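Asker: Structure supplied as run.pdb; contents: PDB, C-alpha atoms.
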ATOM      1  CA  MET A   1     -98.415 156.492  95.531
ATOM      2  CA  GLN A   2     -97.611 157.228  91.878
ATOM      3  CA  PRO A   3     -93.806 157.065  91.665
ATOM      4  CA  LYS A   4     -92.187 160.147  90.172
ATOM      5  CA  PRO A   5     -88.645 160.891  88.948
ATOM      6  CA  PHE A   6     -86.237 161.158  91.883
ATOM      7  CA  LEU A   7     -84.070 163.577  89.884
ATOM      8  CA  LYS A   8     -84.877 166.786  88.059
ATOM      9  CA  TRP A   9     -83.852 166.060  84.485
ATOM     10  CA  VAL A  10     -83.509 168.337  81.484
ATOM     11  CA  GLY A  11     -86.032 167.192  78.908
ATOM     12  CA  GLY A  12     -87.958 165.204  81.511
ATOM     13  CA  LYS A  13     -91.420 164.149  80.381
ATOM     14  CA  THR A  14     -93.477 164.651  83.543
ATOM     15  CA  GLN A  15     -95.239 167.721  82.136
ATOM     16  CA  LEU A  16     -95.962 165.918  78.848
ATOM     17  CA  LEU A  17     -97.351 162.642  80.181
ATOM     18  CA  ARG A  18    -101.002 163.602  79.771
ATOM     19  CA  GLN A  19    -100.448 164.558  76.121
ATOM     20  CA  MET A  20     -98.153 161.647  75.405
ATOM     21  CA  SER A  21    -100.546 159.085  76.870
ATOM     22  CA  HIS A  22    -102.849 159.646  73.878
ATOM     23  CA  PHE A  23    -100.077 158.386  71.617
ATOM     24  CA  PHE A  24     -99.044 155.271  73.525
ATOM     25  CA  PRO A  25     -99.794 152.018  71.650
ATOM     26  CA  SER A  26    -103.320 150.734  72.222
ATOM     27  CA  GLU A  27    -101.894 147.279  72.982
ATOM     28  CA  LEU A  28    -100.951 148.573  76.440
ATOM     29  CA  LYS A  29    -104.637 148.747  77.376
ATOM     30  CA  HIS A  30    -105.180 145.156  76.233
ATOM     31  CA  ASP A  31    -102.205 143.782  78.187
ATOM     32  CA  THR A  32    -100.543 142.446  75.049
ATOM     33  CA  ILE A  33     -97.357 144.468  75.572
ATOM     34  CA  LYS A  34     -95.176 142.188  77.714
ATOM     35  CA  THR A  35     -91.857 144.069  77.639
ATOM     36  CA  TYR A  36     -91.081 147.785  77.931
ATOM     37  CA  ILE A  37     -87.633 149.090  77.007
ATOM     38  CA  GLU A  38     -86.293 152.619  77.485
ATOM     39  CA  PRO A  39     -82.648 153.046  76.378
ATOM     40  CA  PHE A  40     -82.373 156.760  77.303
ATOM     41  CA  VAL A  41     -84.118 156.510  80.659
ATOM     42  CA  GLY A  42     -82.981 159.850  82.112
ATOM     43  CA  GLY A  43     -85.329 160.847  84.915
ATOM     44  CA  GLY A  44     -87.657 157.978  84.042
ATOM     45  CA  ALA A  45     -90.990 159.804  83.979
ATOM     46  CA  VAL A  46     -92.480 157.688  81.179
ATOM     47  CA  PHE A  47     -91.045 154.453  82.589
ATOM     48  CA  LEU A  48     -92.494 155.101  86.056
ATOM     49  CA  TYR A  49     -95.864 156.144  84.653
ATOM     50  CA  LEU A  50     -96.205 153.021  82.515
ATOM     51  CA  ALA A  51     -95.070 150.764  85.344
ATOM     52  CA  ASN A  52     -97.744 152.194  87.607
ATOM     53  CA  THR A  53    -100.513 152.253  84.966
ATOM     54  CA  TYR A  54    -100.279 149.114  82.837
ATOM     55  CA  ASN A  55     -99.811 145.401  83.335
ATOM     56  CA  ILE A  56     -96.365 144.959  81.775
ATOM     57  CA  GLU A  57     -94.315 141.926  82.776
ATOM     58  CA  ASN A  58     -90.754 143.033  81.989
ATOM     59  CA  PHE A  59     -89.086 146.420  82.253
ATOM     60  CA  ILE A  60     -85.642 147.147  80.850
ATOM     61  CA  ILE A  61     -84.085 150.579  81.273
ATOM     62  CA  SER A  62     -80.634 151.793  80.370
ATOM     63  CA  ASP A  63     -78.595 154.931  79.902
ATOM     64  CA  ILE A  64     -75.100 155.749  78.709
ATOM     65  CA  ASN A  65     -74.530 157.869  81.821
ATOM     66  CA  PRO A  66     -72.945 155.569  84.462
ATOM     67  CA  GLU A  67     -73.790 157.949  87.318
ATOM     68  CA  LEU A  68     -77.472 157.685  86.485
ATOM     69  CA  VAL A  69     -77.323 153.904  86.294
ATOM     70  CA  ILE A  70     -75.578 153.796  89.673
ATOM     71  CA  ALA A  71     -78.431 155.843  91.151
ATOM     72  CA  TYR A  72     -81.134 153.518  89.794
ATOM     73  CA  LYS A  73     -79.314 150.410  90.978
ATOM     74  CA  THR A  74     -78.708 151.898  94.423
ATOM     75  CA  ILE A  75     -82.396 152.698  94.865
ATOM     76  CA  GLN A  76     -83.209 149.222  93.604
ATOM     77  CA  ARG A  77     -80.933 147.497  96.135
ATOM     78  CA  ASP A  78     -80.445 149.795  99.155
ATOM     79  CA  VAL A  79     -83.195 152.388  99.254
ATOM     80  CA  GLU A  80     -83.453 152.513 103.061
ATOM     81  CA  ASP A  81     -79.734 153.181 103.545
ATOM     82  CA  LEU A  82     -79.920 155.828 100.816
ATOM     83  CA  ILE A  83     -82.868 157.503 102.550
ATOM     84  CA  LEU A  84     -80.974 157.537 105.850
ATOM     85  CA  ARG A  85     -77.976 159.221 104.243
ATOM     86  CA  LEU A  86     -80.122 161.760 102.374
ATOM     87  CA  GLU A  87     -81.935 162.673 105.592
ATOM     88  CA  GLN A  88     -78.566 163.362 107.217
ATOM     89  CA  ILE A  89     -77.476 165.546 104.308
ATOM     90  CA  GLU A  90     -80.799 167.417 104.224
ATOM     91  CA  ASN A  91     -80.755 168.131 107.960
ATOM     92  CA  LYS A  92     -77.173 169.348 107.732
ATOM     93  CA  TYR A  93     -77.765 171.568 104.693
ATOM     94  CA  LEU A  94     -80.970 173.180 105.956
ATOM     95  CA  SER A  95     -79.316 174.031 109.276
ATOM     96  CA  LEU A  96     -76.682 176.150 107.548
ATOM     97  CA  GLN A  97     -76.756 179.838 106.707
ATOM     98  CA  SER A  98     -76.371 181.012 103.109
ATOM     99  CA  THR A  99     -72.578 181.302 103.016
ATOM    100  CA  GLU A 100     -72.118 177.985 104.793
ATOM    101  CA  ARG A 101     -74.558 176.314 102.389
ATOM    102  CA  GLU A 102     -72.529 177.535  99.439
ATOM    103  CA  LYS A 103     -69.333 176.197 100.967
ATOM    104  CA  TYR A 104     -70.990 172.853 101.689
ATOM    105  CA  PHE A 105     -72.386 172.565  98.141
ATOM    106  CA  TYR A 106     -69.026 173.153  96.480
ATOM    107  CA  GLN A 107     -67.315 170.806  98.903
ATOM    108  CA  VAL A 108     -69.746 168.019  97.934
ATOM    109  CA  ARG A 109     -69.388 168.860  94.242
ATOM    110  CA  TRP A 110     -65.593 168.709  94.497
ATOM    111  CA  GLN A 111     -65.740 165.366  96.284
ATOM    112  CA  PHE A 112     -68.247 163.994  93.762
ATOM    113  CA  ASN A 113     -65.903 164.887  90.888
ATOM    114  CA  TRP A 114     -62.691 163.865  92.647
ATOM    115  CA  LEU A 115     -63.965 160.383  93.461
ATOM    116  CA  ARG A 116     -65.322 159.730  89.971
ATOM    117  CA  ASN A 117     -62.119 158.070  88.763
ATOM    118  CA  GLN A 118     -61.652 156.109  91.968
ATOM    119  CA  ILE A 119     -65.039 154.484  92.369
ATOM    120  CA  ASP A 120     -65.964 151.181  90.727
ATOM    121  CA  LEU A 121     -68.697 152.241  88.308
ATOM    122  CA  GLN A 122     -69.447 148.710  87.127
ATOM    123  CA  ASN A 123     -69.804 146.474  90.179
ATOM    124  CA  TYR A 124     -72.248 147.306  92.940
ATOM    125  CA  ASN A 125     -70.658 148.316  96.238
ATOM    126  CA  LEU A 126     -71.613 150.337  99.298
ATOM    127  CA  GLU A 127     -69.794 153.427  98.003
ATOM    128  CA  TRP A 128     -72.652 153.774  95.533
ATOM    129  CA  ILE A 129     -74.975 154.831  98.375
ATOM    130  CA  GLU A 130     -72.889 157.889  99.174
ATOM    131  CA  ARG A 131     -72.412 158.678  95.487
ATOM    132  CA  THR A 132     -76.147 158.487  94.781
ATOM    133  CA  ALA A 133     -76.882 160.648  97.822
ATOM    134  CA  GLN A 134     -74.401 163.243  96.574
ATOM    135  CA  MET A 135     -75.892 163.155  93.079
ATOM    136  CA  ILE A 136     -79.429 163.701  94.397
ATOM    137  CA  PHE A 137     -78.219 166.460  96.721
ATOM    138  CA  LEU A 138     -76.391 168.284  93.921
ATOM    139  CA  ASN A 139     -79.354 167.874  91.581
ATOM    140  CA  ARG A 140     -81.802 169.240  94.150
ATOM    141  CA  THR A 141     -79.680 172.228  95.182
ATOM    142  CA  CYS A 142     -77.879 173.260  91.985
ATOM    143  CA  PHE A 143     -78.971 175.939  89.524
ATOM    144  CA  ASN A 144     -82.181 174.959  87.703
ATOM    145  CA  GLY A 145     -81.828 171.340  88.775
ATOM    146  CA  LEU A 146     -79.491 170.534  85.900
ATOM    147  CA  PHE A 147     -77.317 167.502  85.499
ATOM    148  CA  ARG A 148     -74.500 168.698  83.272
ATOM    149  CA  VAL A 149     -70.916 167.546  82.888
ATOM    150  CA  ASN A 150     -67.987 169.059  81.040
ATOM    151  CA  SER A 151     -65.720 167.371  78.493
ATOM    152  CA  THR A 152     -63.760 165.627  81.239
ATOM    153  CA  GLY A 153     -66.907 164.263  82.866
ATOM    154  CA  ASP A 154     -66.975 166.594  85.877
ATOM    155  CA  PHE A 155     -70.308 167.890  87.184
ATOM    156  CA  ASN A 156     -70.026 171.660  86.766
ATOM    157  CA  VAL A 157     -73.394 173.260  87.621
ATOM    158  CA  PRO A 158     -73.227 176.091  90.210
ATOM    159  CA  ILE A 159     -75.332 176.293  93.347
ATOM    160  CA  GLY A 160     -78.967 177.338  93.045
ATOM    161  CA  ARG A 161     -80.930 179.681  95.297
ATOM    162  CA  TYR A 162     -83.543 177.579  97.074
ATOM    163  CA  SER A 163     -84.579 178.393 100.624
ATOM    164  CA  ARG A 164     -85.792 174.904 101.595
ATOM    165  CA  PRO A 165     -85.007 172.372  98.849
ATOM    166  CA  LYS A 166     -86.549 168.912  99.237
ATOM    167  CA  ILE A 167     -83.455 166.747  99.203
ATOM    168  CA  CYS A 168     -84.943 163.550 100.631
ATOM    169  CA  ASN A 169     -88.384 162.429  99.461
ATOM    170  CA  ALA A 170     -88.463 159.108 101.282
ATOM    171  CA  GLU A 171     -91.972 158.108 100.233
ATOM    172  CA  ASN A 172     -91.224 158.612  96.542
ATOM    173  CA  LEU A 173     -87.871 156.836  96.745
ATOM    174  CA  ARG A 174     -89.605 153.805  98.227
ATOM    175  CA  SER A 175     -92.207 153.883  95.453
ATOM    176  CA  VAL A 176     -89.474 154.050  92.811
ATOM    177  CA  ALA A 177     -87.629 151.199  94.520
ATOM    178  CA  GLN A 178     -90.765 149.071  94.384
ATOM    179  CA  VAL A 179     -91.038 149.555  90.614
ATOM    180  CA  LEU A 180     -87.337 148.784  90.199
ATOM    181  CA  GLN A 181     -87.798 145.355  91.800
ATOM    182  CA  LYS A 182     -89.288 144.199  88.494
ATOM    183  CA  THR A 183     -86.830 146.122  86.317
ATOM    184  CA  HIS A 184     -83.492 145.286  84.721
ATOM    185  CA  VAL A 185     -81.098 148.247  84.718
ATOM    186  CA  TYR A 186     -78.172 148.477  82.295
ATOM    187  CA  GLN A 187     -75.492 150.982  81.362
ATOM    188  CA  GLY A 188     -74.540 151.495  77.739
ATOM    189  CA  ASP A 189     -75.349 152.754  74.277
ATOM    190  CA  PHE A 190     -78.962 152.624  73.075
ATOM    191  CA  SER A 191     -78.161 149.790  70.674
ATOM    192  CA  THR A 192     -77.450 147.372  73.538
ATOM    193  CA  CYS A 193     -81.175 146.834  74.113
ATOM    194  CA  THR A 194     -81.593 144.876  70.858
ATOM    195  CA  LYS A 195     -81.103 141.490  72.502
ATOM    196  CA  PHE A 196     -84.118 142.001  74.783
ATOM    197  CA  ILE A 197     -86.639 142.709  72.032
ATOM    198  CA  ASN A 198     -89.455 140.399  70.970
ATOM    199  CA  ASN A 199     -92.714 141.011  69.107
ATOM    200  CA  ASN A 200     -94.571 141.958  72.304
ATOM    201  CA  THR A 201     -92.262 144.871  73.045
ATOM    202  CA  PHE A 202     -92.791 148.620  73.326
ATOM    203  CA  VAL A 203     -89.622 150.716  72.976
ATOM    204  CA  TYR A 204     -89.547 154.405  73.893
ATOM    205  CA  LEU A 205     -86.551 156.416  72.689
ATOM    206  CA  ASP A 206     -85.892 159.816  74.259
ATOM    207  CA  PRO A 207     -82.401 160.873  73.133
ATOM    208  CA  PRO A 208     -80.622 164.144  73.860
ATOM    209  CA  TYR A 209     -82.594 166.592  71.755
ATOM    210  CA  LYS A 210     -81.374 168.162  68.557
ATOM    211  CA  PRO A 211     -80.853 171.848  69.481
ATOM    212  CA  ILE A 212     -83.393 174.249  68.001
ATOM    213  CA  SER A 213     -80.852 177.085  68.007
ATOM    214  CA  LYS A 214     -77.134 177.634  68.586
ATOM    215  CA  THR A 215     -77.796 178.913  72.095
ATOM    216  CA  SER A 216     -80.140 176.109  73.155
ATOM    217  CA  ASN A 217     -77.678 173.249  72.649
ATOM    218  CA  PHE A 218     -77.761 170.955  75.667
ATOM    219  CA  THR A 219     -76.401 167.465  75.101
ATOM    220  CA  SER A 220     -74.042 167.230  78.081
ATOM    221  CA  TYR A 221     -75.820 164.600  80.182
ATOM    222  CA  SER A 222     -72.628 162.602  79.761
ATOM    223  CA  GLN A 223     -69.239 162.997  78.087
ATOM    224  CA  HIS A 224     -70.695 161.551  74.883
ATOM    225  CA  ILE A 225     -71.780 164.063  72.248
ATOM    226  CA  PHE A 226     -75.106 163.382  70.554
ATOM    227  CA  ASP A 227     -74.798 165.301  67.305
ATOM    228  CA  ASP A 228     -76.591 164.947  63.953
ATOM    229  CA  ARG A 229     -74.531 161.871  63.111
ATOM    230  CA  GLU A 230     -75.816 160.217  66.280
ATOM    231  CA  GLN A 231     -79.365 161.354  65.530
ATOM    232  CA  LEU A 232     -79.164 159.576  62.181
ATOM    233  CA  ARG A 233     -77.569 156.496  63.729
ATOM    234  CA  LEU A 234     -80.570 156.400  66.048
ATOM    235  CA  ARG A 235     -82.861 156.751  63.010
ATOM    236  CA  ASP A 236     -81.187 153.712  61.469
ATOM    237  CA  PHE A 237     -81.668 151.840  64.727
ATOM    238  CA  PHE A 238     -85.343 152.858  64.733
ATOM    239  CA  LYS A 239     -85.716 151.408  61.239
ATOM    240  CA  LEU A 240     -83.963 148.198  62.280
ATOM    241  CA  LEU A 241     -86.291 147.721  65.238
ATOM    242  CA  ASP A 242     -89.263 148.428  62.995
ATOM    243  CA  THR A 243     -88.441 145.256  61.068
ATOM    244  CA  LYS A 244     -88.815 143.265  64.286
ATOM    245  CA  ASP A 245     -92.528 144.020  64.668
ATOM    246  CA  VAL A 246     -92.219 146.077  67.859
ATOM    247  CA  LYS A 247     -94.007 149.268  68.851
ATOM    248  CA  LEU A 248     -91.714 152.286  68.665
ATOM    249  CA  LEU A 249     -92.121 155.794  70.029
ATOM    250  CA  LEU A 250     -89.415 158.446  69.764
ATOM    251  CA  SER A 251     -89.444 162.021  71.061
ATOM    252  CA  ASN A 252     -87.271 164.942  70.048
ATOM    253  CA  SER A 253     -87.227 168.696  69.679
ATOM    254  CA  ASP A 254     -89.298 170.273  66.934
ATOM    255  CA  ILE A 255     -86.666 172.279  65.121
ATOM    256  CA  THR A 256     -89.341 173.973  63.023
ATOM    257  CA  ASN A 257     -89.967 176.106  66.123
ATOM    258  CA  GLN A 258     -86.874 178.014  65.034
ATOM    259  CA  ASP A 259     -86.813 177.396  61.283
ATOM    260  CA  SER A 260     -90.040 176.356  59.564
ATOM    261  CA  LYS A 261     -88.054 175.127  56.557
ATOM    262  CA  ASP A 262     -85.806 172.763  58.509
ATOM    263  CA  ASN A 263     -87.126 169.305  57.630
ATOM    264  CA  PHE A 264     -84.422 167.242  59.326
ATOM    265  CA  PHE A 265     -86.840 164.937  61.148
ATOM    266  CA  GLU A 266     -89.471 164.900  58.415
ATOM    267  CA  ASN A 267     -86.815 163.676  56.004
ATOM    268  CA  ALA A 268     -85.154 161.280  58.421
ATOM    269  CA  TYR A 269     -88.450 159.677  59.469
ATOM    270  CA  SER A 270     -90.446 160.150  56.283
ATOM    271  CA  ASP A 271     -91.895 156.636  56.524
ATOM    272  CA  TYR A 272     -93.351 157.175  59.979
ATOM    273  CA  ARG A 273     -96.083 159.052  61.793
ATOM    274  CA  ILE A 274     -95.027 162.378  63.308
ATOM    275  CA  GLU A 275     -97.161 164.246  65.852
ATOM    276  CA  ARG A 276     -96.534 167.391  67.861
ATOM    277  CA  VAL A 277     -97.147 168.184  71.532
ATOM    278  CA  LYS A 278     -96.775 171.411  73.510
ATOM    279  CA  ALA A 279     -93.990 171.745  76.063
ATOM    280  CA  ASN A 280     -92.818 174.499  78.380
ATOM    281  CA  ARG A 281     -89.105 175.106  78.077
ATOM    282  CA  ASN A 282     -87.918 175.999  81.581
ATOM    283  CA  ILE A 283     -84.131 175.882  81.329
ATOM    284  CA  ASN A 284     -83.517 179.331  79.852
ATOM    285  CA  SER A 285     -82.104 181.718  82.444
ATOM    286  CA  ASP A 286     -83.966 184.561  80.723
ATOM    287  CA  THR A 287     -87.530 184.134  81.989
ATOM    288  CA  SER A 288     -88.871 186.118  79.029
ATOM    289  CA  LYS A 289     -87.682 183.303  76.744
ATOM    290  CA  ARG A 290     -89.398 180.522  78.670
ATOM    291  CA  LYS A 291     -92.383 179.758  76.503
ATOM    292  CA  SER A 292     -94.518 176.957  75.157
ATOM    293  CA  ILE A 293     -92.990 175.282  72.128
ATOM    294  CA  ASN A 294     -93.609 172.130  70.127
ATOM    295  CA  GLU A 295     -91.860 168.818  70.568
ATOM    296  CA  ILE A 296     -92.297 165.907  68.199
ATOM    297  CA  LEU A 297     -93.350 162.306  68.691
ATOM    298  CA  ILE A 298     -92.445 159.757  66.029
ATOM    299  CA  MET A 299     -94.279 156.403  65.879
ATOM    300  CA  ASN A 300     -94.285 153.285  63.739
ATOM    301  CA  TYR A 301     -97.937 152.557  64.534
TER     302      TYR A 301
END
Would you mind writing the structure in this file as structure tokens?
Answerer:
Amino acid sequence: MQPKPFLKWVGGKTQLLRQMSHFFPSELKHDTIKTYIEPFVGGGAVFLYLANTYNIENFIISDINPELVIAYKTIQRDVEDLILRLEQIENKYLSLQSTEREKYFYQVRWQFNWLRNQIDLQNYNLEWIERTAQMIFLNRTCFNGLFRVNSTGDFNVPIGRYSRPKICNAENLRSVAQVLQKTHVYQGDFSTCTKFINNNTFVYLDPPYKPISKTSNFTSYSQHIFDDREQLRLRDFFKLLDTKDVKLLLSNSDITNQDSKDNFFENAYSDYRIERVKANRNINSDTSKRKSINEILIMNY
């Protein structure tokens, strides 16, 4: 089966894959791209699509969020034990009434946050199975399927209202695990991927988006703030990689949705090709404000 993201992820690209596929480098179809790198892997929609569609030899994914990296590495190494634990959690949760579900959710959330400073986030160990199971459970049962942390790194999303959430998708987890067998997974800043790049490389950059308004700011995937300074540091990194003869694709919000005169990205990436695709913004709690807007794709080819 076509592997899909095992987490709901703000800014995930599942809905955009059909549009984005028209802008992927043509070298993918000719099997001349040997390495794919994604330094902001998030939910991994593009990574999983490319791995299932094209003949790429090496996959390298990374993210600054250690919890996310733990989840990928756990699926890579112990998917069957993870599935067993998720099945136990799902059976338990679905057997509970509404008030008991709420109590169970907040108990798991408290434990997830409390153990964060006690678990070894760098070296693989069996505690990662429980932590990944908790992360998937919280993601599948919390409000809007967000992954959001506060300034201290605690997951702080409240419970959602789902009657029968799918907590354990065993078939998809096994498909993701199969892809991860040929993938190197790293934790760190986007710049750490430089050492893996050669001239047969395709790099996709999907950073936390620049907010299109004061009320739409959502950069809290980790404790690290991705502000305009970081956006421009990423631009400089994009330019550096461009000198290495690699194919580069970057996505971001189209801030002209809000202000047609805001040329932040046009100025920052004036030497590169910029295209726009349509996306449905589903995170707004006000359903009347959930509408189709533009997002941008920036390419060096």
Asker: Draw an axis-aligned box over all listed atoms of stretch 196-206 of chain A, pad each side with 8 Å, and write its centre and edge lengths in Å, one decimal, as lines of an AutoDock Vina configuration file.
Answerer:
center_x = -89.3
center_y = 150.1
center_z = 71.9
size_x = 26.5
size_y = 35.4
size_z = 21.7
Asker: Record the distance separating atom CA of A:Asn125 and atom CA of A:Ser175, expressed in Å with one decimal.
Answerer: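 These atoms are spaced 22.3 Å apart.
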Asker: For the file shown, report as a ChimeraX atom specification the outcome of the PyMOL selection byres ((chain A and resi 132) around 10) at residue level.
Answerer: /A:67-75,82,85-86,112,127-131,133-138
Asker: Next, write the just-selected residues to a file, as a short mmCIF file (atom, residue, chain, number, x, y, z; two decimals), keeping the file's coordinate frame, keeping C-alpha atoms as the atom set.
Answerer:
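out20.cif, freshly written:
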data_model
loop_
_atom_site.label_atom_id
_atom_site.label_comp_id
_atom_site.auth_asym_id
_atom_site.auth_seq_id
_atom_site.Cartn_x
_atom_site.Cartn_y
_atom_site.Cartn_z
CA GLU A 67 -73.79 157.95 87.32
CA LEU A 68 -77.47 157.68 86.48
CA VAL A 69 -77.32 153.90 86.29
CA ILE A 70 -75.58 153.80 89.67
CA ALA A 71 -78.43 155.84 91.15
CA TYR A 72 -81.13 153.52 89.79
CA LYS A 73 -79.31 150.41 90.98
CA THR A 74 -78.71 151.90 94.42
CA ILE A 75 -82.40 152.70 94.86
CA LEU A 82 -79.92 155.83 100.82
CA ARG A 85 -77.98 159.22 104.24
CA LEU A 86 -80.12 161.76 102.37
CA PHE A 112 -68.25 163.99 93.76
CA GLU A 127 -69.79 153.43 98.00
CA TRP A 128 -72.65 153.77 95.53
CA ILE A 129 -74.97 154.83 98.38
CA GLU A 130 -72.89 157.89 99.17
CA ARG A 131 -72.41 158.68 95.49
CA ALA A 133 -76.88 160.65 97.82
CA GLN A 134 -74.40 163.24 96.57
CA MET A 135 -75.89 163.16 93.08
CA ILE A 136 -79.43 163.70 94.40
CA PHE A 137 -78.22 166.46 96.72
CA LEU A 138 -76.39 168.28 93.92
#
Asker: Take the PyMOL selection byres ((chain A and resi 38) around 7), run it mentally on this structure, and tell me the resulting residues as a list in words.
Answerer: Tyr36, Ile37, Pro39, Phe40, Val41, Ile60, Ile61, Ser62, Val203, Tyr204 and Leu205 of chain A
Asker: Just how far from atom CA of A:Phe47 is atom CA of A:Phe265, in Å to one decimal?
Answerer: 24.2 Å
Asker: Which residues are near A:Gly42? Cut-off 7 Å, all atoms listed in the file, ignore same chain within fewer than 2 positions. Put them as a PyMOL selection string.
Answerer: chain A and resi 9+40+44+63
Asker: Save the residues we just selected, C-alpha atoms, as a short mmCIF file (atom, residue, chain, number, x, y, z; two decimals), in the frame of the given file?
Answerer:
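Everything below was put into selection_30.cif:
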data_model
loop_
_atom_site.label_atom_id
_atom_site.label_comp_id
_atom_site.auth_asym_id
_atom_site.auth_seq_id
_atom_site.Cartn_x
_atom_site.Cartn_y
_atom_site.Cartn_z
CA TRP A 9 -83.85 166.06 84.48
CA PHE A 40 -82.37 156.76 77.30
CA GLY A 44 -87.66 157.98 84.04
CA ASP A 63 -78.60 154.93 79.90
#
Asker: Find the residue from A:Phe6, A:Gln76, A:Phe226, A:Val46 that sits nearest to A:Gln19; use only C-alpha atoms when measuring.
Answerer: A:Val46
Asker: Skip A:Arg18 itself and residues of its chain fewer than 3 positions away, then list as a list in words all residues within 12 Å of it, counting only C-alpha atoms.
Answerer: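 After dropping sequence-adjacent residues, the list is Lys13, Thr14, Gln15, Ser21, His22, Phe23, Phe24, Ala45, Val46, Tyr49, Leu50, Val277, Lys278 and Ala279 of chain A.
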Asker: Interatomic distance between atom CA of A:Leu297 and atom CA of A:Ser253?
Answerer: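 Taking atom CA of A:Leu297 as the start and atom CA of A:Ser253 as the end point, the length is 8.9 Å.
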Asker: At a cut-off of 12 Å, can you tabulate as a Markdown table every residue of stretch 149-261 of chain A near stretch 91-95 of chain A together with its closest atom pair and the distance in Å to one decimal, using only C-alpha atoms and ordering rows by chain then number?
Answerer:
| residue | atom | partner | partner_atom | distance |
| --- | --- | --- | --- | --- |
| A:Tyr162 | CA | A:Leu94 | CA | 10.2 |
| A:Ser163 | CA | A:Leu94 | CA | 8.3 |
| A:Arg164 | CA | A:Leu94 | CA | 6.7 |
| A:Pro165 | CA | A:Leu94 | CA | 8.2 |
| A:Lys166 | CA | A:Leu94 | CA | 9.7 |
| A:Ile167 | CA | A:Tyr93 | CA | 9.3 |
| A:Cys168 | CA | A:Asn91 | CA | 9.6 |
Asker: The PyMOL selection byres ((chain A and resi 201) around 7) on the file shown: which residues, as a PDB file with C-alpha atoms, keeping the file's coordinate frame?
Answerer:
ATOM      1  CA  ILE A  33     -97.357 144.468  75.572  1.00  0.00           C
ATOM      2  CA  LYS A  34     -95.176 142.188  77.714  1.00  0.00           C
ATOM      3  CA  THR A  35     -91.857 144.069  77.639  1.00  0.00           C
ATOM      4  CA  TYR A  36     -91.081 147.785  77.931  1.00  0.00           C
ATOM      5  CA  ILE A 197     -86.639 142.709  72.032  1.00  0.00           C
ATOM      6  CA  ASN A 198     -89.455 140.399  70.970  1.00  0.00           C
ATOM      7  CA  ASN A 199     -92.714 141.011  69.107  1.00  0.00           C
ATOM      8  CA  ASN A 200     -94.571 141.958  72.304  1.00  0.00           C
ATOM      9  CA  PHE A 202     -92.791 148.620  73.326  1.00  0.00           C
ATOM     10  CA  VAL A 203     -89.622 150.716  72.976  1.00  0.00           C
ATOM     11  CA  VAL A 246     -92.219 146.077  67.859  1.00  0.00           C
ATOM     12  CA  LYS A 247     -94.007 149.268  68.851  1.00  0.00           C
TER      13      LYS A 247
END
Asker: A:Lys210, A:Arg273, A:Leu241, A:Thr53: which is nearest A:Arg229, counting only C-alpha atoms?
Answerer: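 Once distances to A:Arg229 are computed over only C-alpha atoms, the minimum belongs to A:Lys210.
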Asker: Using all atoms listed in the file, can you tell me which of A:Phe155, A:Tyr209, A:Tyr124, A:Phe237 comes closest to A:Phe190?
Answerer: A:Phe237
Asker: Could you pull out every residue with an atom within 6 Å of (-89.5, 166.3, 72.6), file coordinates, counting only C-alpha atoms, and send them as a PyMOL selection string?
Answerer: chain A and resi 251-253+295-296
Asker: For C-alpha atoms, I'd like the residues from the last selection saved as an mmCIF file, in the frame of the given file.
Answerer:
data_model
loop_
_atom_site.group_PDB
_atom_site.id
_atom_site.type_symbol
_atom_site.label_atom_id
_atom_site.label_comp_id
_atom_site.auth_asym_id
_atom_site.auth_seq_id
_atom_site.Cartn_x
_atom_site.Cartn_y
_atom_site.Cartn_z
ATOM 1 C CA SER A 251 -89.444 162.021 71.061
ATOM 2 C CA ASN A 252 -87.271 164.942 70.048
ATOM 3 C CA SER A 253 -87.227 168.696 69.679
ATOM 4 C CA GLU A 295 -91.860 168.818 70.568
ATOM 5 C CA ILE A 296 -92.297 165.907 68.199
#
Asker: Can you check which parts of stretch 42-118 of chain A lie within 9 Å of stretch 141-153 of chain A? Per residue, the shortest pair of atoms and distance in Å to one decimal, counting only C-alpha atoms, sorted by chain and number, as a Markdown table.
Answerer:
| residue | atom | partner | partner_atom | distance |
| --- | --- | --- | --- | --- |
| A:Phe105 | CA | A:Thr141 | CA | 7.9 |
| A:Asn113 | CA | A:Gly153 | CA | 8.1 |
| A:Arg116 | CA | A:Gly153 | CA | 8.6 |
Asker: For each of A:Ile159, A:Val79, A:Ile56, A:Leu115, take the minimum atom-to-atom distance to A:Thr99, counting all atoms listed in the file, then give the residue where this is smallest.
Answerer: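 Closest residue, counting all atoms listed in the file: A:Ile159.
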Asker: Fewer than 3 positions away in the same chain doesn't count, so skip those; otherwise give me all residues within 7 Å of A:Pro3, counting all atoms listed in the file, as a VMD selection string.
Answerer: chain A and resid 48 172 175 to 176
Asker: Between A:Phe196, A:Trp114, A:Tyr272, A:Tyr106, which one has atoms that come closest to A:Asn58, using only C-alpha atoms?
Answerer: A:Phe196
Asker: Using only C-alpha atoms, can you tell me which of A:Tyr186, A:Phe238, A:Phe264, A:Tyr269 comes closest to A:Pro66?
Answerer: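 Selected residue with least distance to A:Pro66: A:Tyr186.
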